[in-house]
Amino acid sequence: MAFCYGPPCAGLRHNKLCAAEMVPSAYRRVATKSRPLRISSDHSCIEVRGVNYRPPGTQHNLLNEVSLSLREKSFGLIFGRSGSGKTTLLHLLAGLSKPTSGSIIVQRYGYDGKPSESPEPLAPERVGIVFQFPERYFLADTILEEMTFGWPRQKADFTLRQQLALNLQYAVNSVGLNTISLDEDPHSLSGGYKRRLALAIQLVQTPQLLLLDEPLAGLDWKARADVVKLLRHLKKELTILVVSHDLKELSSLVDISWRMQMGGILKEEAFPL
Ligand SMILES: Nc1ncnc2c1ncn2[C@@H]1O[C@H](COP(=O)(O)OP(=O)(O)OP(=O)(O)O)[C@@H](O)[C@H]1O
C-alpha cells in the first residue's frame, strides 16, 4: 500500500522513498540492555556513514567518524554532554553545512535485510528542522502568515502553492492547532502551542526526516507533556531524530538512541534513566 505523509499530493515533491509501505516498526529499542527485535521487511533507512566535520578555517574536527542508521518511521534520540557536537550533527543532516568527509544517504533494504537499491543522497529539502526555542524566530503577526512565510509567490508556482495549502490544513490538524484561529498572533500563544506551530511549519513541507533540537526545553510540565503526546502521534507517520537532555520524558517514544561523546564521537547506547 502506498503512503505519503500529508494529504493526497499527486506525487508532488514526493519520491519513491516517501511512498514507503505501511509496515509496522520493524525494530524497537527501549531503555534496557535487551537487544532490539528485528523483523525483516522492505524498508529504507536514513544513514550517516563515516562523517567527519571540521568547520572551514579551524584545526579540529567537531565530528569524528560519525555513523548512524535510522529506520523510516522510527524515533531516534541523541543525548550527551553540552558541547559534544549533537547540534552540529543535526545541521549536517539538515544540509545547513556539508560533511568534510563521509556521506548522508537514504538506503533502501529488501526483505533479506540487504541493500536493494543504490543509496541516494538525503535531499535537504526533504528534511525539516525545529531549532531550540523556535518561537524566538517567529516573525509574522498571524499564524497563517507565519506558516506561509517563504512560500513561492510567482504565478507559475500556483500548483505548488495549492499543494502547500492542502498540506497546511493537514499540518494544522496534525498538531492540534485547528481549534485556534489562524488569524491569531503567534506570539500570544502558550508555550506548548508555539511549539505546535513550529512543528506544523515543518510538516507543511512533508519532510522525510524531522529533526528536533531540545523540543521540550523551556516549557512548563503541562506543555512538556503536551509536546510528548504530540510527538507520539507524529511518530506513527514520520521518521524523527531528536537531540535532548530530557531523557525520562521522551523514553517511551525512543526506538534507538546514541550517546555523543566529547570530541564528536557517536556510540549507539541505551540511555540512562
Ligand atoms: N562553526 C564553528 N566553529 C568552531 N567551533 C564550533 C562551530 N560550531 C560549533 N562549534 C563548537 O563545537 C562544539 C559542539 O557544538 P554543538 O552545538 O554541536 O554541541 P551540542 O552537543 O549540541 O551542545 P548543547 O547540548 O549545549 O546544545 C562546541 O564546542 C561549539 O562551540
# chains A, B, ... in the order shown; residues from 1 in each chain; ligands from 1
call {"tool": "select_by_dssp", "arguments": {"residues": "region 68-249 of chain A", "states": "strand (DSSP E)", "output": "JSON, numbers by chain"}}
result
{"A": [68, 69, 70, 71, 75, 76, 77, 78, 79, 80, 101, 102, 103, 104, 105, 106, 107, 108, 109, 120, 121, 127, 128, 129, 130, 209, 210, 211, 212, 213, 240, 241, 242, 243]}
call {"tool": "write_last_selection", "arguments": {"atoms": "C-alpha atoms", "output": "short mmCIF file (atom, residue, chain, number, x, y, z; two decimals), in the first residue's frame"}}
result
data_model
loop_
_atom_site.label_atom_id
_atom_site.label_comp_id
_atom_site.auth_asym_id
_atom_site.auth_seq_id
_atom_site.Cartn_x
_atom_site.Cartn_y
_atom_site.Cartn_z
CA LEU A 68 24.15 6.00 12.42
CA SER A 69 21.21 4.32 10.77
CA LEU A 70 17.64 5.38 11.47
CA ARG A 71 14.85 3.30 10.04
CA PHE A 75 12.18 7.72 16.64
CA GLY A 76 15.88 8.21 17.35
CA LEU A 77 17.39 10.13 20.26
CA ILE A 78 20.88 11.59 20.59
CA PHE A 79 21.98 12.52 24.08
CA GLY A 80 25.31 13.60 25.53
CA SER A 101 34.16 13.66 4.55
CA GLY A 102 31.68 10.78 4.69
CA SER A 103 28.12 10.69 3.43
CA ILE A 104 24.49 11.13 4.47
CA ILE A 105 22.22 8.96 2.42
CA VAL A 106 18.91 7.12 2.17
CA GLN A 107 19.36 3.39 1.74
CA ARG A 108 16.61 1.02 0.75
CA TYR A 109 16.73 -2.57 2.10
CA GLU A 120 20.56 8.18 -2.68
CA PRO A 121 21.78 11.39 -1.04
CA VAL A 127 14.43 17.41 5.95
CA GLY A 128 12.57 19.55 8.46
CA ILE A 129 14.40 21.01 11.44
CA VAL A 130 12.97 22.69 14.53
CA LEU A 209 13.06 13.28 8.23
CA LEU A 210 12.10 15.60 11.08
CA LEU A 211 14.93 16.87 13.31
CA LEU A 212 14.14 18.38 16.71
CA ASP A 213 16.72 20.13 18.88
CA ILE A 240 12.07 11.65 13.81
CA LEU A 241 15.54 12.32 15.23
CA VAL A 242 15.72 14.29 18.47
CA VAL A 243 18.59 15.82 20.41
#
call {"tool": "residues_near_ligand", "arguments": {"ligand": "ligand 1", "cutoff": "9 Å", "atoms": "only C-alpha atoms and all ligand atoms", "output": "PyMOL selection string"}}
result
chain A and resi 54-58+60-63+79-91+132+213-214+243-245+260-264
call {"tool": "residues_around", "arguments": {"residues": "Glu269 (chain A)", "least_positions_apart": "6", "cutoff": "7 Å", "atoms": "only C-alpha atoms", "output": "PyMOL selection string"}}
result
chain A and resi 257-259
call {"tool": "write_last_selection", "arguments": {"atoms": "N, CA and C atoms", "output": "PDB file, in the first residue's frame"}}
result
ATOM      1  N   SER A 257      18.818   4.850  20.362  1.00  0.00           N
ATOM      2  CA  SER A 257      19.478   6.043  20.928  1.00  0.00           C
ATOM      3  C   SER A 257      20.987   5.943  20.796  1.00  0.00           C
ATOM      4  N   TRP A 258      21.617   7.112  20.807  1.00  0.00           N
ATOM      5  CA  TRP A 258      23.067   7.213  20.706  1.00  0.00           C
ATOM      6  C   TRP A 258      23.569   8.231  21.731  1.00  0.00           C
ATOM      7  N   ARG A 259      24.771   7.982  22.224  1.00  0.00           N
ATOM      8  CA  ARG A 259      25.433   8.988  23.054  1.00  0.00           C
ATOM      9  C   ARG A 259      26.490   9.693  22.204  1.00  0.00           C
TER      10      ARG A 259
END
call {"tool": "residues_around", "arguments": {"residues": "Ser188 (chain A)", "least_positions_apart": "2", "cutoff": "12 Å", "atoms": "only C-alpha atoms", "output": "list of chain:residue names"}}
result
A:Glu135, A:Phe138, A:Ala140, A:Asp141, A:Thr142, A:Ile143, A:Ile180, A:Ser181, A:Asp183, A:Glu184, A:Asp185, A:Pro186, A:Ser190, A:Gly191, A:Gly192, A:Tyr193, A:Lys194, A:Leu197
call {"tool": "write_last_selection", "arguments": {"atoms": "N, CA and C atoms", "output": "PDB file, in the first residue's frame"}}
result
ATOM      1  N   GLU A 135      10.211  29.523  18.874  1.00  0.00           N
ATOM      2  CA  GLU A 135       9.329  30.694  18.972  1.00  0.00           C
ATOM      3  C   GLU A 135      10.116  32.004  18.931  1.00  0.00           C
ATOM      4  N   PHE A 138       9.886  33.507  15.445  1.00  0.00           N
ATOM      5  CA  PHE A 138       8.626  33.860  14.797  1.00  0.00           C
ATOM      6  C   PHE A 138       8.694  35.328  14.357  1.00  0.00           C
ATOM      7  N   ALA A 140       6.019  36.758  12.007  1.00  0.00           N
ATOM      8  CA  ALA A 140       4.775  37.312  11.443  1.00  0.00           C
ATOM      9  C   ALA A 140       3.782  37.702  12.536  1.00  0.00           C
ATOM     10  N   ASP A 141       2.721  38.392  12.089  1.00  0.00           N
ATOM     11  CA  ASP A 141       1.697  38.863  13.027  1.00  0.00           C
ATOM     12  C   ASP A 141       0.538  37.881  13.179  1.00  0.00           C
ATOM     13  N   THR A 142       0.446  36.929  12.251  1.00  0.00           N
ATOM     14  CA  THR A 142      -0.627  35.928  12.366  1.00  0.00           C
ATOM     15  C   THR A 142      -0.025  34.530  12.137  1.00  0.00           C
ATOM     16  N   ILE A 143      -0.747  33.545  12.652  1.00  0.00           N
ATOM     17  CA  ILE A 143      -0.300  32.154  12.469  1.00  0.00           C
ATOM     18  C   ILE A 143      -0.219  31.822  10.985  1.00  0.00           C
ATOM     19  N   ILE A 180      -7.702  26.840  16.973  1.00  0.00           N
ATOM     20  CA  ILE A 180      -7.262  28.231  17.136  1.00  0.00           C
ATOM     21  C   ILE A 180      -7.354  28.938  15.787  1.00  0.00           C
ATOM     22  N   SER A 181      -7.790  30.199  15.812  1.00  0.00           N
ATOM     23  CA  SER A 181      -7.903  30.948  14.562  1.00  0.00           C
ATOM     24  C   SER A 181      -6.504  31.214  13.980  1.00  0.00           C
ATOM     25  N   ASP A 183      -5.722  33.546  12.415  1.00  0.00           N
ATOM     26  CA  ASP A 183      -5.536  34.992  12.458  1.00  0.00           C
ATOM     27  C   ASP A 183      -4.854  35.467  13.745  1.00  0.00           C
ATOM     28  N   GLU A 184      -4.718  34.530  14.688  1.00  0.00           N
ATOM     29  CA  GLU A 184      -4.112  34.884  15.996  1.00  0.00           C
ATOM     30  C   GLU A 184      -2.643  35.263  15.823  1.00  0.00           C
ATOM     31  N   ASP A 185      -2.178  36.092  16.747  1.00  0.00           N
ATOM     32  CA  ASP A 185      -0.759  36.450  16.776  1.00  0.00           C
ATOM     33  C   ASP A 185       0.026  35.267  17.370  1.00  0.00           C
ATOM     34  N   PRO A 186       1.012  34.720  16.638  1.00  0.00           N
ATOM     35  CA  PRO A 186       1.748  33.559  17.171  1.00  0.00           C
ATOM     36  C   PRO A 186       2.417  33.854  18.517  1.00  0.00           C
ATOM     37  N   SER A 190       0.324  30.019  23.926  1.00  0.00           N
ATOM     38  CA  SER A 190       1.028  29.451  25.081  1.00  0.00           C
ATOM     39  C   SER A 190       2.309  28.775  24.581  1.00  0.00           C
ATOM     40  N   GLY A 191       3.207  28.463  25.521  1.00  0.00           N
ATOM     41  CA  GLY A 191       4.490  27.830  25.144  1.00  0.00           C
ATOM     42  C   GLY A 191       4.290  26.561  24.333  1.00  0.00           C
ATOM     43  N   GLY A 192       3.361  25.708  24.788  1.00  0.00           N
ATOM     44  CA  GLY A 192       3.128  24.442  24.095  1.00  0.00           C
ATOM     45  C   GLY A 192       2.577  24.650  22.694  1.00  0.00           C
ATOM     46  N   TYR A 193       1.690  25.621  22.554  1.00  0.00           N
ATOM     47  CA  TYR A 193       1.100  25.895  21.233  1.00  0.00           C
ATOM     48  C   TYR A 193       2.109  26.529  20.281  1.00  0.00           C
ATOM     49  N   LYS A 194       3.050  27.305  20.830  1.00  0.00           N
ATOM     50  CA  LYS A 194       4.117  27.845  19.965  1.00  0.00           C
ATOM     51  C   LYS A 194       4.939  26.692  19.379  1.00  0.00           C
ATOM     52  N   LEU A 197       3.052  25.079  16.638  1.00  0.00           N
ATOM     53  CA  LEU A 197       3.136  25.872  15.407  1.00  0.00           C
ATOM     54  C   LEU A 197       4.482  25.632  14.705  1.00  0.00           C
TER      55      LEU A 197
END
call {"tool": "atom_distance", "arguments": {"atom1": "CA of Phe149 (chain A)", "atom2": "CA of Ile201 (chain A)"}}
result
9.2 Å
call {"tool": "closest_residue", "arguments": {"among": "A:Arg126, A:His187, A:Lys98, A:Arg49", "to": "Thr239 (chain A)", "atoms": "only C-alpha atoms"}}
result
A:Arg126
call {"tool": "closest_residue", "arguments": {"among": "A:Pro99, A:Ser174, A:Trp221, A:Ala270", "to": "Gly50 (chain A)", "atoms": "only C-alpha atoms"}}
result
A:Pro99
call {"tool": "closest_residue", "arguments": {"among": "A:Val66, A:Val175, A:Cys45, A:Leu166", "to": "Leu266 (chain A)", "atoms": "only C-alpha atoms"}}
result
A:Val66
call {"tool": "closest_residue", "arguments": {"among": "A:Asn173, A:Asn52, A:Asn178, A:Thr206", "to": "Asn64 (chain A)", "atoms": "only C-alpha atoms"}}
result
A:Asn52
call {"tool": "select_by_dssp", "arguments": {"residues": "region 132-226 of chain A", "states": "alpha helix (DSSP H)", "output": "number ranges by chain"}}
result
A: 143-148, 158-174, 191-203, 221-226
call {"tool": "atom_distance", "arguments": {"atom1": "CA of Tyr170 (chain A)", "atom2": "CA of Leu203 (chain A)"}}
result
8.6 Å
call {"tool": "atom_distance", "arguments": {"atom1": "CA of Ser74 (chain A)", "atom2": "CA of Ala200 (chain A)"}}
result
19.0 Å
call {"tool": "residues_around", "arguments": {"residues": "Val228 (chain A)", "least_positions_apart": "3", "cutoff": "8 Å", "atoms": "only C-alpha atoms", "output": "mmCIF file with C-alpha atoms, in the first residue's frame"}}
result
data_model
loop_
_atom_site.group_PDB
_atom_site.id
_atom_site.type_symbol
_atom_site.label_atom_id
_atom_site.label_comp_id
_atom_site.auth_asym_id
_atom_site.auth_seq_id
_atom_site.Cartn_x
_atom_site.Cartn_y
_atom_site.Cartn_z
ATOM 1 C CA ARG A 224 6.099 19.297 28.006
ATOM 2 C CA ALA A 225 3.540 16.502 28.483
ATOM 3 C CA LEU A 231 5.370 13.526 19.161
ATOM 4 C CA ARG A 232 3.840 10.126 19.987
ATOM 5 C CA GLU A 249 10.067 12.245 29.385
ATOM 6 C CA LEU A 250 10.943 11.033 25.895
#
call {"tool": "closest_residue", "arguments": {"among": "A:Leu182, A:Leu199, A:Leu177, A:Leu253", "to": "Phe133 (chain A)", "atoms": "only C-alpha atoms"}}
result
A:Leu199
call {"tool": "decode", "arguments": {"residues": "region 51-77 of chain A", "atoms": "N, CA and C atoms", "output": "short mmCIF file (atom, residue, chain, number, x, y, z; two decimals), in the first residue's frame"}}
result
data_model
loop_
_atom_site.label_atom_id
_atom_site.label_comp_id
_atom_site.auth_asym_id
_atom_site.auth_seq_id
_atom_site.Cartn_x
_atom_site.Cartn_y
_atom_site.Cartn_z
N VAL A 51 31.03 10.08 8.90
CA VAL A 51 31.10 11.54 8.69
C VAL A 51 32.09 12.20 9.64
N ASN A 52 32.95 13.02 9.05
CA ASN A 52 33.83 13.92 9.80
C ASN A 52 33.41 15.34 9.45
N TYR A 53 33.50 16.22 10.44
CA TYR A 53 33.19 17.62 10.15
C TYR A 53 34.16 18.55 10.86
N ARG A 54 34.81 19.37 10.06
CA ARG A 54 35.70 20.41 10.57
C ARG A 54 35.26 21.73 9.95
N PRO A 55 34.82 22.68 10.79
CA PRO A 55 34.37 23.96 10.20
C PRO A 55 35.51 24.60 9.42
N PRO A 56 35.19 25.26 8.31
CA PRO A 56 36.23 25.90 7.49
C PRO A 56 37.09 26.82 8.35
N GLY A 57 38.39 26.75 8.14
CA GLY A 57 39.33 27.65 8.83
C GLY A 57 39.68 27.21 10.24
N THR A 58 39.21 26.02 10.66
CA THR A 58 39.56 25.55 12.02
C THR A 58 40.45 24.31 11.93
N GLN A 59 41.04 23.96 13.06
CA GLN A 59 42.05 22.90 13.09
C GLN A 59 41.54 21.56 13.59
N HIS A 60 40.35 21.57 14.26
CA HIS A 60 39.88 20.33 14.90
C HIS A 60 38.53 19.90 14.36
N ASN A 61 38.37 18.59 14.25
CA ASN A 61 37.07 18.04 13.86
C ASN A 61 36.06 18.20 15.00
N LEU A 62 34.87 18.66 14.68
CA LEU A 62 33.79 18.68 15.68
C LEU A 62 33.09 17.32 15.70
N LEU A 63 33.10 16.62 14.55
CA LEU A 63 32.53 15.28 14.47
C LEU A 63 33.59 14.34 13.91
N ASN A 64 33.69 13.14 14.50
CA ASN A 64 34.73 12.19 14.12
C ASN A 64 34.14 10.83 13.77
N GLU A 65 34.21 10.49 12.50
CA GLU A 65 33.76 9.17 12.03
C GLU A 65 32.37 8.81 12.56
N VAL A 66 31.45 9.74 12.45
CA VAL A 66 30.09 9.52 12.96
C VAL A 66 29.29 8.67 11.98
N SER A 67 28.68 7.60 12.51
CA SER A 67 27.80 6.77 11.70
C SER A 67 26.53 6.47 12.49
N LEU A 68 25.40 6.46 11.80
CA LEU A 68 24.15 6.00 12.42
C LEU A 68 23.20 5.57 11.32
N SER A 69 22.24 4.75 11.71
CA SER A 69 21.21 4.32 10.77
C SER A 69 19.87 4.43 11.47
N LEU A 70 18.95 5.16 10.87
CA LEU A 70 17.64 5.38 11.47
C LEU A 70 16.57 4.91 10.49
N ARG A 71 15.86 3.89 10.91
CA ARG A 71 14.85 3.30 10.04
C ARG A 71 13.66 4.25 9.86
N GLU A 72 13.04 4.20 8.69
CA GLU A 72 11.88 5.06 8.44
C GLU A 72 10.80 4.82 9.50
N LYS A 73 10.11 5.89 9.85
CA LYS A 73 9.03 5.87 10.85
C LYS A 73 9.49 5.33 12.19
N SER A 74 10.74 5.63 12.53
CA SER A 74 11.15 5.33 13.89
C SER A 74 11.65 6.61 14.54
N PHE A 75 11.86 6.54 15.84
CA PHE A 75 12.18 7.72 16.64
C PHE A 75 13.56 7.50 17.25
N GLY A 76 14.52 8.31 16.84
CA GLY A 76 15.88 8.21 17.35
C GLY A 76 16.18 9.36 18.30
N LEU A 77 17.02 9.09 19.28
CA LEU A 77 17.39 10.13 20.26
C LEU A 77 18.91 10.19 20.38
#
